file entry_26.cif (mmCIF, C-alpha atoms and all ligand atoms)
data_upload
loop_
_atom_site.group_PDB
_atom_site.id
_atom_site.type_symbol
_atom_site.label_atom_id
_atom_site.label_comp_id
_atom_site.auth_asym_id
_atom_site.auth_seq_id
_atom_site.Cartn_x
_atom_site.Cartn_y
_atom_site.Cartn_z
ATOM 1 C CA THR Y 1 150.592 -91.413 79.581
ATOM 2 C CA SER Y 2 150.823 -94.042 76.857
ATOM 3 C CA HIS Y 3 147.659 -95.968 77.678
ATOM 4 C CA GLN Y 4 145.618 -92.767 77.465
ATOM 5 C CA PHE Y 5 146.802 -92.211 73.890
ATOM 6 C CA HIS Y 6 146.104 -95.830 73.161
ATOM 7 C CA PHE Y 7 142.447 -95.368 74.106
ATOM 8 C CA LEU Y 8 142.112 -92.334 71.869
ATOM 9 C CA CYS Y 9 143.869 -93.985 68.924
ATOM 10 C CA ALA Y 10 141.662 -97.024 69.318
ATOM 11 C CA GLY Y 11 138.679 -94.708 68.866
ATOM 12 C CA TYR Y 12 137.205 -95.876 72.112
ATOM 13 C CA ALA Y 13 137.639 -93.852 75.245
ATOM 14 C CA PRO Y 14 136.527 -94.583 78.792
ATOM 15 C CA ARG Y 15 133.667 -92.494 80.093
ATOM 16 C CA SER Y 16 134.284 -93.132 83.774
ATOM 17 C CA CYS Y 17 136.893 -94.546 86.116
ATOM 18 C CA LYS Y 18 134.664 -97.561 86.602
ATOM 19 C CA GLN Y 19 134.805 -98.267 82.876
ATOM 20 C CA LEU Y 20 138.551 -97.709 82.935
ATOM 21 C CA LYS Y 21 138.803 -100.352 85.625
ATOM 22 C CA ASP Y 22 136.293 -102.848 84.222
ATOM 23 C CA ASP Y 23 137.010 -102.574 80.478
ATOM 24 C CA PHE Y 24 140.634 -101.432 80.411
ATOM 25 C CA ASN Y 25 141.915 -103.236 83.466
ATOM 26 C CA VAL Y 26 143.407 -100.128 85.082
ATOM 27 C CA HIS Y 27 143.811 -100.548 88.838
ATOM 28 C CA THR Y 28 146.146 -97.716 89.806
ATOM 29 C CA ASP Y 29 145.036 -94.464 91.471
ATOM 30 C CA GLY Y 30 145.911 -91.416 89.427
ATOM 31 C CA LEU Y 31 144.943 -88.809 86.860
ATOM 32 C CA TYR Y 32 143.281 -90.180 83.724
ATOM 33 C CA THR Y 33 141.607 -88.801 80.615
ATOM 34 C CA LEU Y 34 137.898 -89.476 80.250
ATOM 35 C CA THR Y 35 135.469 -88.687 77.438
ATOM 36 C CA THR Y 36 131.774 -87.819 77.773
ATOM 37 C CA ALA Y 37 128.971 -89.213 75.616
ATOM 38 C CA ASP Y 38 129.150 -85.936 73.648
ATOM 39 C CA GLY Y 39 132.892 -86.272 73.124
ATOM 40 C CA ALA Y 40 134.156 -83.732 75.642
ATOM 41 C CA VAL Y 41 137.588 -84.807 76.873
ATOM 42 C CA TYR Y 42 138.760 -84.010 80.398
ATOM 43 C CA GLN Y 43 141.252 -85.150 82.984
ATOM 44 C CA THR Y 44 140.387 -86.197 86.494
ATOM 45 C CA PHE Y 45 141.470 -88.339 89.410
ATOM 46 C CA CYS Y 46 140.450 -91.995 89.617
ATOM 47 C CA ASP Y 47 140.371 -93.746 92.976
ATOM 48 C CA MET Y 48 140.951 -97.351 91.895
ATOM 49 C CA THR Y 49 141.452 -98.894 95.315
ATOM 50 C CA THR Y 50 138.860 -97.740 97.872
ATOM 51 C CA ALA Y 51 136.014 -100.211 98.332
ATOM 52 C CA GLY Y 52 136.715 -101.953 95.021
ATOM 53 C CA GLY Y 53 137.824 -98.825 93.130
ATOM 54 C CA GLY Y 54 136.349 -97.274 89.999
ATOM 55 C CA TRP Y 55 135.557 -93.901 91.613
ATOM 56 C CA THR Y 56 135.617 -90.786 89.402
ATOM 57 C CA LEU Y 57 136.352 -87.414 91.008
ATOM 58 C CA VAL Y 58 133.634 -85.131 89.612
ATOM 59 C CA ALA Y 59 133.743 -82.143 91.946
ATOM 60 C CA SER Y 60 135.596 -80.357 94.712
ATOM 61 C CA VAL Y 61 133.931 -77.812 96.973
ATOM 62 C CA HIS Y 62 136.539 -75.503 98.449
ATOM 63 C CA GLU Y 63 136.345 -72.342 100.525
ATOM 64 C CA ASN Y 64 139.051 -69.923 99.410
ATOM 65 C CA ASN Y 65 138.144 -66.995 101.668
ATOM 66 C CA LEU Y 66 135.571 -67.178 104.453
ATOM 67 C CA TYR Y 67 135.828 -63.427 104.830
ATOM 68 C CA GLY Y 68 134.599 -63.027 101.255
ATOM 69 C CA LYS Y 69 130.862 -63.749 101.785
ATOM 70 C CA CYS Y 70 129.560 -64.720 98.336
ATOM 71 C CA THR Y 71 132.393 -63.185 96.393
ATOM 72 C CA VAL Y 72 134.984 -64.494 93.910
ATOM 73 C CA GLY Y 73 135.659 -68.202 94.414
ATOM 74 C CA ASP Y 74 132.240 -68.970 95.899
ATOM 75 C CA ARG Y 75 131.244 -71.004 92.841
ATOM 76 C CA TRP Y 76 129.125 -73.449 94.847
ATOM 77 C CA SER Y 77 126.970 -70.633 96.234
ATOM 78 C CA SER Y 78 127.195 -67.141 94.748
ATOM 79 C CA GLN Y 79 130.091 -65.095 93.436
ATOM 80 C CA GLN Y 80 127.827 -62.099 93.030
ATOM 81 C CA GLY Y 81 126.870 -61.142 96.546
ATOM 82 C CA ASP Y 82 124.075 -62.138 98.904
ATOM 83 C CA ASP Y 83 120.863 -61.037 97.239
ATOM 84 C CA PRO Y 84 117.240 -62.176 97.614
ATOM 85 C CA ARG Y 85 116.818 -61.485 93.878
ATOM 86 C CA TRP Y 86 119.534 -64.124 93.215
ATOM 87 C CA PRO Y 87 117.879 -67.052 95.058
ATOM 88 C CA GLU Y 88 119.736 -69.814 93.210
ATOM 89 C CA GLY Y 89 123.105 -68.111 93.300
ATOM 90 C CA ASP Y 90 125.485 -69.268 90.563
ATOM 91 C CA GLY Y 91 123.401 -72.421 90.048
ATOM 92 C CA ASN Y 92 126.389 -74.711 89.609
ATOM 93 C CA TRP Y 93 124.833 -77.612 91.510
ATOM 94 C CA ALA Y 94 122.326 -78.015 88.697
ATOM 95 C CA ASN Y 95 123.855 -76.617 85.497
ATOM 96 C CA ARG Y 96 126.502 -77.874 83.039
ATOM 97 C CA ASN Y 97 129.085 -75.245 83.808
ATOM 98 C CA VAL Y 98 132.553 -76.683 84.517
ATOM 99 C CA PHE Y 99 135.598 -75.127 86.193
ATOM 100 C CA GLY Y 100 138.947 -75.848 87.815
ATOM 101 C CA THR Y 101 141.432 -78.683 87.372
ATOM 102 C CA ALA Y 102 142.005 -82.036 89.038
ATOM 103 C CA GLU Y 103 145.526 -81.016 90.053
ATOM 104 C CA GLY Y 104 144.185 -77.893 91.735
ATOM 105 C CA ALA Y 105 141.194 -79.526 93.356
ATOM 106 C CA THR Y 106 142.500 -79.472 96.919
ATOM 107 C CA SER Y 107 142.998 -75.716 96.799
ATOM 108 C CA ASP Y 108 140.223 -74.514 94.493
ATOM 109 C CA ASP Y 109 136.766 -75.445 93.255
ATOM 110 C CA PHE Y 110 136.589 -78.145 90.599
ATOM 111 C CA LYS Y 111 133.700 -79.404 88.510
ATOM 112 C CA ASN Y 112 134.201 -81.518 85.411
ATOM 113 C CA PRO Y 113 131.795 -82.912 82.774
ATOM 114 C CA GLY Y 114 131.606 -86.206 84.705
ATOM 115 C CA TYR Y 115 129.379 -84.368 87.185
ATOM 116 C CA TYR Y 116 126.537 -84.479 84.667
ATOM 117 C CA ASP Y 117 127.763 -87.172 82.257
ATOM 118 C CA ILE Y 118 128.347 -90.134 84.560
ATOM 119 C CA ARG Y 119 125.388 -92.047 85.882
ATOM 120 C CA ALA Y 120 126.381 -92.816 89.423
ATOM 121 C CA GLU Y 121 125.101 -95.634 91.553
ATOM 122 C CA ASP Y 122 127.275 -94.695 94.504
ATOM 123 C CA VAL Y 123 128.826 -91.433 95.590
ATOM 124 C CA SER Y 124 131.841 -91.184 97.840
ATOM 125 C CA VAL Y 125 133.036 -88.081 99.640
ATOM 126 C CA TRP Y 126 136.525 -87.348 100.851
ATOM 127 C CA HIS Y 127 137.937 -84.519 102.833
ATOM 128 C CA PRO Y 128 141.508 -84.773 101.613
ATOM 129 C CA LYS Y 129 144.192 -82.261 102.350
ATOM 130 C CA LEU Y 130 146.355 -82.822 99.314
ATOM 131 C CA LEU Y 131 145.421 -84.695 96.191
ATOM 132 C CA CYS Y 132 148.971 -85.771 95.420
ATOM 133 C CA LEU Y 133 149.232 -87.456 98.799
ATOM 134 C CA MET Y 134 147.060 -90.410 98.184
ATOM 135 C CA LYS Y 135 145.623 -92.341 101.027
ATOM 136 C CA LYS Y 136 148.089 -95.197 100.959
ATOM 137 C CA ASN Y 137 151.025 -92.839 101.202
ATOM 138 C CA ASN Y 138 149.509 -90.478 103.680
ATOM 139 C CA PRO Y 139 146.465 -91.790 105.483
ATOM 140 C CA THR Y 140 146.403 -88.938 107.976
ATOM 141 C CA PHE Y 141 145.403 -86.565 105.193
ATOM 142 C CA VAL Y 142 142.194 -88.354 104.388
ATOM 143 C CA PHE Y 143 139.707 -87.093 106.916
ATOM 144 C CA PHE Y 144 136.916 -89.420 106.106
ATOM 145 C CA PHE Y 145 135.275 -91.282 103.324
ATOM 146 C CA PHE Y 146 131.916 -92.794 102.776
ATOM 147 C CA PHE Y 147 129.580 -93.948 100.075
ATOM 148 C CA PHE Y 148 125.879 -94.442 99.677
ATOM 149 C CA PHE Y 149 123.312 -95.132 97.025
ATOM 150 C CA PHE Y 150 123.057 -92.275 94.627
ATOM 151 C CA PHE Y 151 120.431 -89.613 95.010
ATOM 152 C CA ASN Y 152 120.352 -86.977 92.368
ATOM 153 C CA VAL Y 153 121.119 -83.684 94.123
ATOM 154 C CA LYS Y 154 119.731 -81.903 91.084
ATOM 155 C CA ARG Y 155 116.232 -83.071 91.940
ATOM 156 C CA PHE Y 156 116.347 -80.811 94.972
ATOM 157 C CA GLN Y 157 116.583 -77.153 94.094
ATOM 158 C CA VAL Y 158 119.381 -75.363 95.901
ATOM 159 C CA LYS Y 159 117.523 -72.103 96.117
ATOM 160 C CA PHE Y 160 116.454 -69.614 98.765
ATOM 161 C CA ASN Y 161 112.841 -69.886 99.943
ATOM 162 C CA VAL Y 162 111.887 -73.249 98.402
ATOM 163 C CA GLY Y 163 110.655 -74.602 101.716
ATOM 164 C CA GLY Y 164 110.952 -74.710 105.478
ATOM 165 C CA CYS Y 165 113.731 -76.007 107.661
ATOM 166 C CA ILE Y 166 113.882 -79.780 108.253
ATOM 167 C CA THR Y 167 110.424 -80.430 106.719
ATOM 168 C CA ASN Y 168 111.619 -79.699 103.186
ATOM 169 C CA ASN Y 169 115.164 -80.963 103.483
ATOM 170 C CA GLY Y 170 116.318 -83.426 100.843
ATOM 171 C CA PRO Y 171 117.251 -87.019 101.710
ATOM 172 C CA SER Y 172 119.694 -88.011 104.443
ATOM 173 C CA ILE Y 173 121.585 -91.177 103.549
ATOM 174 C CA PRO Y 174 123.517 -93.284 106.073
ATOM 175 C CA ILE Y 175 127.195 -93.438 105.259
ATOM 176 C CA ILE Y 176 129.822 -96.143 105.506
ATOM 177 C CA TYR Y 177 133.114 -94.876 106.854
ATOM 178 C CA ASP Y 178 136.402 -95.945 105.370
ATOM 179 C CA HIS Y 179 138.377 -93.405 107.391
ATOM 180 C CA GLY Y 180 136.956 -91.587 110.378
ATOM 181 C CA SER Y 181 133.778 -92.206 112.362
ATOM 182 C CA ARG Y 182 130.677 -90.487 113.670
ATOM 183 C CA ALA Y 183 132.768 -89.217 116.564
ATOM 184 C CA THR Y 184 135.421 -87.623 114.342
ATOM 185 C CA THR Y 185 132.712 -86.080 112.162
ATOM 186 C CA THR Y 186 131.010 -84.597 115.214
ATOM 187 C CA HIS Y 187 134.255 -83.197 116.523
ATOM 188 C CA PHE Y 188 134.974 -81.231 113.320
ATOM 189 C CA TYR Y 189 132.227 -78.775 114.268
ATOM 190 C CA GLY Y 190 131.745 -76.369 117.169
ATOM 191 C CA PRO Y 191 129.926 -77.368 120.385
ATOM 192 C CA SER Y 192 126.789 -75.353 119.540
ATOM 193 C CA ALA Y 193 126.735 -76.656 115.963
ATOM 194 C CA ARG Y 194 126.886 -80.237 117.299
ATOM 195 C CA THR Y 195 123.476 -79.800 118.926
ATOM 196 C CA GLN Y 196 121.988 -79.361 115.445
ATOM 197 C CA PHE Y 197 122.878 -82.694 113.791
ATOM 198 C CA ASP Y 198 123.362 -86.439 114.066
ATOM 199 C CA ALA Y 199 126.584 -87.725 112.501
ATOM 200 C CA GLY Y 200 126.845 -90.669 110.118
ATOM 201 C CA TYR Y 201 124.777 -89.383 107.186
ATOM 202 C CA ILE Y 202 125.019 -87.233 104.122
ATOM 203 C CA THR Y 203 122.137 -84.838 103.544
ATOM 204 C CA PHE Y 204 121.129 -83.040 100.365
ATOM 205 C CA ARG Y 205 119.497 -79.625 100.128
ATOM 206 C CA ALA Y 206 119.186 -78.735 103.787
ATOM 207 C CA ILE Y 207 117.267 -75.581 104.666
ATOM 208 C CA ASN Y 208 117.894 -73.260 107.611
ATOM 209 C CA THR Y 209 115.730 -71.143 109.905
ATOM 210 C CA GLU Y 210 115.634 -68.237 107.467
ATOM 211 C CA ARG Y 211 114.818 -70.501 104.486
ATOM 212 C CA ALA Y 212 118.301 -70.360 102.989
ATOM 213 C CA ALA Y 213 119.191 -73.565 101.104
ATOM 214 C CA THR Y 214 122.516 -75.378 101.383
ATOM 215 C CA ALA Y 215 123.552 -78.164 98.986
ATOM 216 C CA ILE Y 216 125.238 -80.866 101.085
ATOM 217 C CA CYS Y 217 125.753 -81.632 104.744
ATOM 218 C CA SER Y 218 128.781 -83.906 104.524
ATOM 219 C CA GLY Y 219 128.693 -86.430 107.371
ATOM 220 C CA THR Y 220 125.583 -85.088 109.069
ATOM 221 C CA LYS Y 221 121.799 -85.155 109.244
ATOM 222 C CA PRO Y 222 120.324 -81.907 110.593
ATOM 223 C CA LYS Y 223 117.996 -82.164 113.568
ATOM 224 C CA GLY Y 224 117.952 -78.404 114.176
ATOM 225 C CA CYS Y 225 117.757 -75.401 111.882
ATOM 226 C CA HIS Y 226 121.124 -73.673 112.355
ATOM 227 C CA ILE Y 227 122.622 -75.752 109.570
ATOM 228 C CA GLU Y 228 124.746 -72.931 108.179
ATOM 229 C CA HIS Y 229 127.577 -73.994 110.503
ATOM 230 C CA PHE Y 230 128.098 -77.481 109.061
ATOM 231 C CA CYS Y 231 126.422 -77.687 105.622
ATOM 232 C CA ILE Y 232 128.123 -76.415 102.448
ATOM 233 C CA GLY Y 233 127.250 -74.838 99.116
ATOM 234 C CA GLY Y 234 123.967 -73.086 98.603
ATOM 235 C CA GLY Y 235 121.878 -70.493 96.906
ATOM 236 C CA GLY Y 236 122.517 -66.792 96.658
ATOM 237 C CA HIS Y 237 120.691 -65.545 99.734
ATOM 238 C CA PHE Y 238 121.222 -66.272 103.428
ATOM 239 C CA PRO Y 239 119.095 -63.712 105.290
ATOM 240 C CA GLU Y 240 120.541 -64.037 108.810
ATOM 241 C CA ALA Y 241 123.079 -61.248 109.410
ATOM 242 C CA ARG Y 242 123.356 -60.834 105.636
ATOM 243 C CA PRO Y 243 125.885 -61.386 104.121
ATOM 244 C CA ARG Y 244 127.721 -63.182 106.939
ATOM 245 C CA GLN Y 245 126.296 -66.639 106.175
ATOM 246 C CA CYS Y 246 126.727 -66.530 102.407
ATOM 247 C CA GLY Y 247 129.576 -68.520 100.812
ATOM 248 C CA ASP Y 248 130.707 -72.008 99.866
ATOM 249 C CA PHE Y 249 131.274 -72.953 103.508
ATOM 250 C CA THR Y 250 128.318 -70.841 104.604
ATOM 251 C CA SER Y 251 128.905 -69.763 108.211
ATOM 252 C CA PHE Y 252 131.680 -72.036 109.447
ATOM 253 C CA ASP Y 253 133.251 -68.899 110.986
ATOM 254 C CA TRP Y 254 130.283 -67.482 112.960
ATOM 255 C CA ASN Y 255 132.281 -67.331 116.206
ATOM 256 C CA GLY Y 256 135.665 -66.740 114.615
ATOM 257 C CA TYR Y 257 137.619 -68.329 111.795
ATOM 258 C CA GLY Y 258 138.651 -71.881 112.718
ATOM 259 C CA SER Y 259 138.078 -71.126 116.396
ATOM 260 C CA HIS Y 260 136.131 -74.351 117.087
ATOM 261 C CA ASN Y 261 134.166 -72.328 119.670
ATOM 262 C CA SER Y 262 130.383 -72.158 119.909
ATOM 263 C CA TRP Y 263 129.089 -72.253 116.301
ATOM 264 C CA SER Y 264 132.492 -72.178 114.564
ATOM 265 C CA ALA Y 265 134.003 -75.200 112.854
ATOM 266 C CA SER Y 266 137.557 -76.412 113.417
ATOM 267 C CA ARG Y 267 140.332 -75.014 111.307
ATOM 268 C CA GLN Y 268 140.985 -78.496 109.941
ATOM 269 C CA ILE Y 269 137.541 -78.940 108.392
ATOM 270 C CA THR Y 270 137.322 -75.265 107.379
ATOM 271 C CA GLU Y 271 140.459 -75.606 105.281
ATOM 272 C CA ALA Y 272 139.717 -79.010 103.728
ATOM 273 C CA ALA Y 273 138.153 -79.245 100.289
ATOM 274 C CA VAL Y 274 135.257 -81.684 99.921
ATOM 275 C CA PHE Y 275 135.708 -84.137 97.046
ATOM 276 C CA LEU Y 276 132.727 -85.805 95.419
ATOM 277 C CA PHE Y 277 133.288 -89.064 93.552
ATOM 278 C CA TYR Y 278 130.826 -91.040 91.454
ATOM 279 C CA ARG Y 279 130.876 -94.724 90.682
HETATM 280 O O1 LIG E 301 123.221 -69.777 113.759
HETATM 281 C C1 LIG E 301 123.504 -69.181 114.976
HETATM 282 C C2 LIG E 301 122.706 -67.961 115.157
HETATM 283 O O2 LIG E 301 121.412 -68.100 114.619
HETATM 284 C C3 LIG E 301 122.619 -67.546 116.587
HETATM 285 O O3 LIG E 301 123.831 -67.044 116.896
HETATM 286 O O4 LIG E 301 125.324 -65.479 117.933
HETATM 287 O O5 LIG E 301 122.898 -65.519 118.639
HETATM 288 O O6 LIG E 301 124.423 -67.443 119.248
HETATM 289 P P1 LIG E 301 124.130 -66.301 118.286
HETATM 290 CA CA CA E 302 134.870 -72.111 96.398
HETATM 291 CA CA CA E 303 121.267 -69.462 112.572
#

call {"tool": "encode", "arguments": {"input": "entry_26.cif", "output": "structure tokens"}}
result
Amino acid sequence: TSHQFHFLCAGYAPRSCKQLKDDFNVHTDGLYTLTTADGAVYQTFCDMTTAGGGWTLVASVHENNLYGKCTVGDRWSSQQGDDPRWPEGDGNWANRNVFGTAEGATSDDFKNPGYYDIRAEDVSVWHPKLLCLMKKNNPTFVFFFFFFFFFNVKRFQVKFNVGGCITNNGPSIPIIYDHGSRATTTHFYGPSARTQFDAGYITFRAINTERAATAICSGTKPKGCHIEHFCIGGGGHFPEARPRQCGDFTSFDWNGYGSHNSWSASRQITEAAVFLFYR
């Protein structure tokens, strides 16, 4: 759009959606062009309205095929099989690799340079169904949203066998809900999985019984060790019933895909991408 060209022609480009809001007076949700400190140019979605706006979409974690088990599309765990010799998996939680597009972010993985370029103070997480249906137009498609003070997920290695379950988990941060509640979060997961967490938090680098590491438990704080049914992303090795627990949405399908029985998550949460925003 015209204002994007204006920024480039002016020789001064916004580095984040917050800067776009504060310095360029942009207050409309949408796709914008941002530029990193090193000059890399990319397009992403800016949420300019939630809780004061200025949120930059930096990543989407999406499960394309739960039957795959650490195969193609499992960029947030391993695309190269479940293997103890591949403890960090693809390593995309910590590296500077980028992939996907903002337009495709509800139906595929997305990671842009903002993930490592923007210094976030807050992080918000959405479980949207369709990016083009923004929350004002279609509130039913936003499952829930929350934000918290930033903790750098990269400080906590997402790697098999770095520590024991619960004791060596990363931080759990209380969340503020914009849509949804602790009750709706709890209900996304199966009855057995619910015994393993308290809702109302986000947790980084949670570890399971077999010392497999996941990256994020969105909406939950583990109190048990069977975290593979509600935490996402991870390293390249999940020993239990190998390779059944390996993948971007780990073992959301342990008792059947979308069945919502026993350890299995609901179809709704299984099929929703997880969007990470920085501000
Ligand atoms: O994570 C669940 C698993 O460790 C136990 O499953 O099938 O014995 O109930 P199951
Ligand atoms: Ca994926
Ligand atoms: Ca288990």

call {"tool": "atom_distance", "arguments": {"input": "entry_26.cif", "atom1": "atom CA of Val125 of chain Y", "atom2": "atom CA of Tyr12 of chain Y"}}
result
28.9 Å

call {"tool": "resolve_selection", "arguments": {"input": "entry_26.cif", "expression": "the PyMOL selection byres (((chain Y and resi 181-198) around 8) and not hetatm)", "output": "short mmCIF file (atom, residue, chain, number, x, y, z; two decimals) with C-alpha atoms, keeping the file's coordinate frame"}}
result
data_model
loop_
_atom_site.label_atom_id
_atom_site.label_comp_id
_atom_site.auth_asym_id
_atom_site.auth_seq_id
_atom_site.Cartn_x
_atom_site.Cartn_y
_atom_site.Cartn_z
CA PHE Y 144 136.92 -89.42 106.11
CA TYR Y 177 133.11 -94.88 106.85
CA HIS Y 179 138.38 -93.40 107.39
CA GLY Y 180 136.96 -91.59 110.38
CA ALA Y 199 126.58 -87.72 112.50
CA GLY Y 200 126.84 -90.67 110.12
CA TYR Y 201 124.78 -89.38 107.19
CA GLY Y 219 128.69 -86.43 107.37
CA THR Y 220 125.58 -85.09 109.07
CA LYS Y 221 121.80 -85.16 109.24
CA PRO Y 222 120.32 -81.91 110.59
CA LYS Y 223 118.00 -82.16 113.57
CA GLY Y 224 117.95 -78.40 114.18
CA CYS Y 225 117.76 -75.40 111.88
CA HIS Y 226 121.12 -73.67 112.36
CA ILE Y 227 122.62 -75.75 109.57
CA HIS Y 229 127.58 -73.99 110.50
CA PHE Y 230 128.10 -77.48 109.06
CA HIS Y 260 136.13 -74.35 117.09
CA ASN Y 261 134.17 -72.33 119.67
CA SER Y 262 130.38 -72.16 119.91
CA TRP Y 263 129.09 -72.25 116.30
CA SER Y 264 132.49 -72.18 114.56
CA ALA Y 265 134.00 -75.20 112.85
CA SER Y 266 137.56 -76.41 113.42
CA GLN Y 268 140.99 -78.50 109.94
CA ILE Y 269 137.54 -78.94 108.39
#

call {"tool": "resolve_selection", "arguments": {"input": "entry_26.cif", "expression": "the PyMOL selection byres (((not hetatm)) within 12 of (chain E and resi 302))", "output": "VMD selection string"}}
result
chain Y and resid 59 to 66 68 to 79 90 92 99 to 100 104 to 111 232 to 234 246 to 250 270 to 274

call {"tool": "axis_aligned_box", "arguments": {"input": "entry_26.cif", "around": "segment 227-246 of chain Y", "padding_each_side": "4 Å", "output": "AutoDock Vina command-line options"}}
result
--center_x 123.6 --center_y -69.3 --center_z 103.6 --size_x 17.0 --size_y 24.9 --size_z 21.8

call {"tool": "atom_distance", "arguments": {"input": "entry_26.cif", "atom1": "atom CA of Trp126 of chain Y", "atom2": "atom CA of Asp253 of chain Y"}}
result
21.3 Å

call {"tool": "closest_residue", "arguments": {"input": "entry_26.cif", "among": "Y:Phe160, Y:Phe277, Y:Trp55, Y:Tyr116", "to": "Pro87 of chain Y", "atoms": "only C-alpha atoms"}}
result
Y:Phe160

call {"tool": "decode", "arguments": {"input": "entry_26.cif", "residues": "segment 89-109 of chain Y", "atoms": "N, CA and C atoms", "output": "PDB file, in the first residue's frame"}}
result
ATOM      1  N   GLY Y  89      16.145 -31.467  17.492  1.00  0.00           N
ATOM      2  CA  GLY Y  89      15.282 -31.411  16.325  1.00  0.00           C
ATOM      3  C   GLY Y  89      15.764 -30.345  15.356  1.00  0.00           C
ATOM      4  N   ASP Y  90      14.842 -29.674  14.678  1.00  0.00           N
ATOM      5  CA  ASP Y  90      15.228 -28.680  13.673  1.00  0.00           C
ATOM      6  C   ASP Y  90      15.799 -27.396  14.293  1.00  0.00           C
ATOM      7  N   GLY Y  91      15.598 -27.216  15.581  1.00  0.00           N
ATOM      8  CA  GLY Y  91      16.241 -26.089  16.283  1.00  0.00           C
ATOM      9  C   GLY Y  91      15.651 -24.727  15.991  1.00  0.00           C
ATOM     10  N   ASN Y  92      14.461 -24.690  15.421  1.00  0.00           N
ATOM     11  CA  ASN Y  92      13.922 -23.393  14.975  1.00  0.00           C
ATOM     12  C   ASN Y  92      13.441 -22.472  16.090  1.00  0.00           C
ATOM     13  N   TRP Y  93      13.327 -22.988  17.308  1.00  0.00           N
ATOM     14  CA  TRP Y  93      12.986 -22.096  18.424  1.00  0.00           C
ATOM     15  C   TRP Y  93      14.148 -21.172  18.750  1.00  0.00           C
ATOM     16  N   ALA Y  94      15.362 -21.594  18.413  1.00  0.00           N
ATOM     17  CA  ALA Y  94      16.533 -20.826  18.829  1.00  0.00           C
ATOM     18  C   ALA Y  94      17.324 -20.207  17.673  1.00  0.00           C
ATOM     19  N   ASN Y  95      17.147 -20.692  16.451  1.00  0.00           N
ATOM     20  CA  ASN Y  95      18.006 -20.210  15.367  1.00  0.00           C
ATOM     21  C   ASN Y  95      17.376 -19.041  14.591  1.00  0.00           C
ATOM     22  N   ARG Y  96      18.029 -18.614  13.516  1.00  0.00           N
ATOM     23  CA  ARG Y  96      17.552 -17.482  12.725  1.00  0.00           C
ATOM     24  C   ARG Y  96      16.909 -17.915  11.413  1.00  0.00           C
ATOM     25  N   ASN Y  97      16.612 -19.178  11.315  1.00  0.00           N
ATOM     26  CA  ASN Y  97      15.892 -19.658  10.140  1.00  0.00           C
ATOM     27  C   ASN Y  97      14.513 -18.991  10.082  1.00  0.00           C
ATOM     28  N   VAL Y  98      14.034 -18.690   8.890  1.00  0.00           N
ATOM     29  CA  VAL Y  98      12.667 -18.163   8.738  1.00  0.00           C
ATOM     30  C   VAL Y  98      11.936 -18.971   7.673  1.00  0.00           C
ATOM     31  N   PHE Y  99      10.597 -18.995   7.777  1.00  0.00           N
ATOM     32  CA  PHE Y  99       9.808 -19.779   6.811  1.00  0.00           C
ATOM     33  C   PHE Y  99       8.348 -19.326   6.843  1.00  0.00           C
ATOM     34  N   GLY Y 100       7.648 -19.633   5.746  1.00  0.00           N
ATOM     35  CA  GLY Y 100       6.217 -19.362   5.669  1.00  0.00           C
ATOM     36  C   GLY Y 100       5.891 -17.917   5.319  1.00  0.00           C
ATOM     37  N   THR Y 101       4.587 -17.623   5.270  1.00  0.00           N
ATOM     38  CA  THR Y 101       4.112 -16.284   4.959  1.00  0.00           C
ATOM     39  C   THR Y 101       3.007 -15.898   5.931  1.00  0.00           C
ATOM     40  N   ALA Y 102       2.822 -14.587   6.096  1.00  0.00           N
ATOM     41  CA  ALA Y 102       1.759 -14.114   6.985  1.00  0.00           C
ATOM     42  C   ALA Y 102       0.391 -14.555   6.480  1.00  0.00           C
ATOM     43  N   GLU Y 103       0.203 -14.488   5.164  1.00  0.00           N
ATOM     44  CA  GLU Y 103      -1.107 -14.866   4.603  1.00  0.00           C
ATOM     45  C   GLU Y 103      -1.416 -16.340   4.852  1.00  0.00           C
ATOM     46  N   GLY Y 104      -0.354 -17.154   4.887  1.00  0.00           N
ATOM     47  CA  GLY Y 104      -0.566 -18.593   5.056  1.00  0.00           C
ATOM     48  C   GLY Y 104      -0.500 -19.061   6.494  1.00  0.00           C
ATOM     49  N   ALA Y 105      -0.364 -18.123   7.416  1.00  0.00           N
ATOM     50  CA  ALA Y 105      -0.013 -18.497   8.788  1.00  0.00           C
ATOM     51  C   ALA Y 105      -1.076 -19.278   9.545  1.00  0.00           C
ATOM     52  N   THR Y 106      -2.326 -19.237   9.097  1.00  0.00           N
ATOM     53  CA  THR Y 106      -3.330 -20.041   9.796  1.00  0.00           C
ATOM     54  C   THR Y 106      -3.314 -21.490   9.334  1.00  0.00           C
ATOM     55  N   SER Y 107      -2.656 -21.747   8.194  1.00  0.00           N
ATOM     56  CA  SER Y 107      -2.671 -23.117   7.682  1.00  0.00           C
ATOM     57  C   SER Y 107      -1.275 -23.671   7.418  1.00  0.00           C
ATOM     58  N   ASP Y 108      -0.252 -22.987   7.926  1.00  0.00           N
ATOM     59  CA  ASP Y 108       1.109 -23.516   7.828  1.00  0.00           C
ATOM     60  C   ASP Y 108       1.986 -22.795   8.846  1.00  0.00           C
ATOM     61  N   ASP Y 109       3.157 -23.357   9.101  1.00  0.00           N
ATOM     62  CA  ASP Y 109       4.106 -22.720  10.003  1.00  0.00           C
ATOM     63  C   ASP Y 109       4.577 -21.394   9.419  1.00  0.00           C
TER      64      ASP Y 109
END
